[in-house]
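Student: My structure is below; once you've seen it, I'll send some questions.
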Amino acid sequence: MVNGVKQFELEQASFSEFAKAAYKNFNMDYPKFFKMDNLSKLAFLASEIILGSKVKEGEENNIALVFANQSSSLDTDVKYQGSIADKENYFPSPAVFVYTLPNICIGEISIRHKLQSENAFFVFEDFNAEFMTNYADLLLATNKAEKVLCGWVEYYQENYKAILYMVEKQGDLEHNKEIVNTLYNK
Amino acid sequence: MEALKQELKGKIIEVLNLEDIAVEEINDNDALFGDGLGLDSIDALELIVLLDKDYGIKLTDPKAGKTIFQSVETMATYITDNRTK
């Protein structure tokens, strides 16, 4: 959904199937997508749809990225643990290991759009609209960023949710925790 | 040797998640890094794990990887000469 309008759906599909279908549906041309873990794929897909129209090629785009979730990178942590649990079959995967931090998904988006902006990833029990609102406001008020892409990107064992929204000084809606909560609960 | 090269191409695609590349698109002498398949440093580490896991080869000299991982051809030759399983 973008601004309340459905963009794409695929029912009764695993996340892997959904992610691949969405990537192809939106004609995203970025082969590194397939190397990402599921949290990064989720964050990447959601951010591409918003940033695609906001990022200007060849210019400095001072768009901060501030994300949060509940499960951190636990899904990939568990997968990595599985590769080192058996001493007789001990083959840790470097490609899995590099995703055992939640903020790697922010790095993937930054690489994709050549962003050298402020970023932070927070882990909360639940979506914390007040914290996110205050943090984004502070970045804008102190001129640390011209825009802030905020949101919740949660993934753990096929349960997932991504809600992203862009905050800027002259936005379409007022930026406060009530409106942000409304976006999250839609 | 030919069967091993085909097997390696399939494994490289699978292990490195090269979603948009088919076995038949990889030539035996294509460069794996740089302008060829465009693999990166993490991919190189995964190839080292692949050698260990599937062919029982432990690379003790990291510099040797540069020669071994030039192409599917060089990988297959090295595996044929050094495999323990």
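Simple scheme: letters A, B, ... for chains in structure tokens order, numbers from 1 for residues in each chain, numbers from 1 for ligands in the order shown.
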With chain A as the partner and 12 Å as the cut-off, tabulate the residues of chain B that qualify, each row holding the nearest pair of atoms and their distance in Å to one decimal, using only C-alpha atoms, sorted by chain and rising number, as CSV.
Tutor:
```
residue,atom,partner,partner_atom,distance
B:Ile13,CA,A:Lys35,CA,11.0
B:Glu14,CA,A:Lys35,CA,10.5
B:Val15,CA,A:Ala95,CA,9.3
B:Leu16,CA,A:Lys35,CA,7.0
B:Asn17,CA,A:Lys35,CA,5.6
B:Leu18,CA,A:Phe34,CA,7.1
B:Glu19,CA,A:Phe34,CA,6.4
B:Asp20,CA,A:Pro31,CA,7.3
B:Ile21,CA,A:Pro31,CA,9.8
B:Leu37,CA,A:Pro31,CA,11.2
B:Gly38,CA,A:Lys32,CA,10.4
B:Leu39,CA,A:Lys32,CA,10.1
B:Asp40,CA,A:Lys32,CA,10.4
B:Ser41,CA,A:Ala95,CA,9.8
B:Ile42,CA,A:Ala95,CA,6.0
B:Asp43,CA,A:Ala95,CA,7.2
B:Ala44,CA,A:Pro94,CA,9.4
B:Leu45,CA,A:Pro94,CA,6.3
B:Glu46,CA,A:Pro94,CA,6.2
B:Leu47,CA,A:Pro94,CA,9.9
B:Ile48,CA,A:Pro94,CA,9.9
B:Val49,CA,A:Phe91,CA,6.7
B:Leu50,CA,A:Phe91,CA,8.9
B:Leu51,CA,A:Phe91,CA,10.8
B:Asp52,CA,A:Phe91,CA,8.3
B:Lys53,CA,A:Phe91,CA,6.9
B:Asp54,CA,A:Phe91,CA,10.5
B:Gly56,CA,A:Phe91,CA,11.6
B:Lys58,CA,A:Phe91,CA,11.7
```
Student: Go ahead and save the picked residues with N, CA and C atoms, as a tab-separated table (two decimals), in the first residue's frame.
Tutor:
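After the write, out-v2.tsv holds the following:
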```tsv
chain	number	residue	atom	x	y	z
B	13	ILE	N	25.79	-20.70	-8.34
B	13	ILE	CA	24.52	-19.97	-8.47
B	13	ILE	C	23.68	-20.13	-7.21
B	14	GLU	N	23.64	-21.36	-6.69
B	14	GLU	CA	22.82	-21.63	-5.51
B	14	GLU	C	23.39	-20.97	-4.25
B	15	VAL	N	24.67	-21.20	-4.01
B	15	VAL	CA	25.29	-20.71	-2.77
B	15	VAL	C	25.37	-19.19	-2.74
B	16	LEU	N	25.62	-18.59	-3.90
B	16	LEU	CA	25.80	-17.13	-3.93
B	16	LEU	C	24.51	-16.39	-4.33
B	17	ASN	N	23.41	-17.14	-4.44
B	17	ASN	CA	22.11	-16.53	-4.75
B	17	ASN	C	22.15	-15.65	-6.01
B	18	LEU	N	22.72	-16.21	-7.06
B	18	LEU	CA	22.79	-15.47	-8.33
B	18	LEU	C	21.49	-15.73	-9.10
B	19	GLU	N	20.45	-15.12	-8.63
B	19	GLU	CA	19.09	-15.40	-9.07
B	19	GLU	C	18.88	-15.25	-10.58
B	20	ASP	N	19.53	-14.27	-11.17
B	20	ASP	CA	19.26	-13.97	-12.58
B	20	ASP	C	20.25	-14.63	-13.54
B	21	ILE	N	21.04	-15.56	-13.05
B	21	ILE	CA	22.04	-16.21	-13.91
B	21	ILE	C	21.76	-17.70	-14.01
B	37	LEU	N	31.37	-12.40	-13.38
B	37	LEU	CA	30.13	-12.55	-12.63
B	37	LEU	C	29.94	-11.45	-11.59
B	38	GLY	N	30.99	-10.66	-11.38
B	38	GLY	CA	30.87	-9.53	-10.46
B	38	GLY	C	30.74	-9.94	-9.00
B	39	LEU	N	31.39	-11.02	-8.62
B	39	LEU	CA	31.31	-11.46	-7.23
B	39	LEU	C	32.08	-10.51	-6.33
B	40	ASP	N	31.74	-10.51	-5.03
B	40	ASP	CA	32.42	-9.61	-4.09
B	40	ASP	C	33.18	-10.41	-3.03
B	41	SER	N	33.73	-9.70	-2.04
B	41	SER	CA	34.60	-10.34	-1.06
B	41	SER	C	33.86	-11.36	-0.19
B	42	ILE	N	32.60	-11.10	0.11
B	42	ILE	CA	31.81	-12.06	0.89
B	42	ILE	C	31.58	-13.32	0.07
B	43	ASP	N	31.38	-13.14	-1.24
B	43	ASP	CA	31.22	-14.30	-2.12
B	43	ASP	C	32.49	-15.16	-2.10
B	44	ALA	N	33.65	-14.48	-2.06
B	44	ALA	CA	34.92	-15.22	-2.02
B	44	ALA	C	34.98	-16.09	-0.77
B	45	LEU	N	34.54	-15.55	0.35
B	45	LEU	CA	34.53	-16.33	1.59
B	45	LEU	C	33.57	-17.52	1.48
B	46	GLU	N	32.44	-17.30	0.82
B	46	GLU	CA	31.48	-18.40	0.64
B	46	GLU	C	32.07	-19.49	-0.24
B	47	LEU	N	32.87	-19.10	-1.23
B	47	LEU	CA	33.50	-20.12	-2.09
B	47	LEU	C	34.51	-20.94	-1.30
B	48	ILE	N	35.19	-20.29	-0.35
B	48	ILE	CA	36.14	-21.02	0.51
B	48	ILE	C	35.39	-22.05	1.36
B	49	VAL	N	34.23	-21.62	1.88
B	49	VAL	CA	33.39	-22.56	2.67
B	49	VAL	C	32.91	-23.70	1.77
B	50	LEU	N	32.55	-23.38	0.54
B	50	LEU	CA	32.08	-24.40	-0.41
B	50	LEU	C	33.16	-25.47	-0.65
B	51	LEU	N	34.40	-25.01	-0.84
B	51	LEU	CA	35.49	-25.97	-1.06
B	51	LEU	C	35.64	-26.91	0.14
B	52	ASP	N	35.54	-26.34	1.33
B	52	ASP	CA	35.69	-27.11	2.56
B	52	ASP	C	34.53	-28.08	2.74
B	53	LYS	N	33.33	-27.56	2.62
B	53	LYS	CA	32.13	-28.34	2.91
B	53	LYS	C	31.89	-29.46	1.90
B	54	ASP	N	32.03	-29.15	0.64
B	54	ASP	CA	31.65	-30.13	-0.40
B	54	ASP	C	32.81	-30.96	-0.94
B	56	GLY	N	36.07	-31.09	0.87
B	56	GLY	CA	37.06	-31.40	1.89
B	56	GLY	C	38.38	-30.70	1.70
B	58	LYS	N	40.64	-27.48	2.64
B	58	LYS	CA	40.80	-26.30	3.50
B	58	LYS	C	41.90	-25.42	2.93
```
Student: Enumerate the residues of chain A with a DSSP assignment of helix (DSSP H, G or I), computed from the backbone, and present them as JSON, numbers by chain.
Tutor: {"A": [15, 16, 17, 18, 19, 20, 21, 22, 23, 24, 25, 31, 32, 33, 34, 35, 38, 39, 40, 41, 42, 43, 44, 45, 46, 47, 48, 49, 50, 51, 74, 75, 76, 77, 78, 79, 80, 81, 82, 83, 84, 87, 88, 89, 94, 95, 96, 97, 104, 105, 106, 107, 108, 109, 110, 111, 112, 113, 129, 130, 131, 132, 133, 134, 135, 136, 137, 138, 139, 140, 141, 177, 178, 179, 180, 181, 182, 183, 184, 185]}
Student: Set the distance at 12 Å and use only C-alpha atoms: which residues neighbour range 171-186 of chain A once local chain neighbours fewer than 3 positions away are removed? I'd like the list as number ranges by chain.
Tutor: A: 1-5, 126-137, 140, 146-148, 150-153, 161-168
Student: From the set A:Ser73, A:Asn61, A:Gln7, A:Gln170, which residue has the shortest atom-to-atom contact distance to His113 in chain A, counting only C-alpha atoms?
Tutor: A:Asn61
Student: Might you pull out every residue within 12 Å of Lys114 in chain A, with only C-alpha atoms counted and same-chain residues fewer than 6 positions away left off, and present them as a ChimeraX atom specification?
Tutor: /A:51,55-64,106-108
Student: Might you pull out every residue within 9 Å of Leu4 in chain B, with only C-alpha atoms counted and same-chain residues fewer than 4 positions away left off, and present them as JSON, numbers by chain?
Tutor: {"B": [8, 9, 76, 79, 80]}
Student: Report, in Å with one decimal, the straight-line distance from CA of Met28 in chain A to CA of Phe44 in chain A.
Tutor: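 Between these atoms lies a distance of 10.4 Å.
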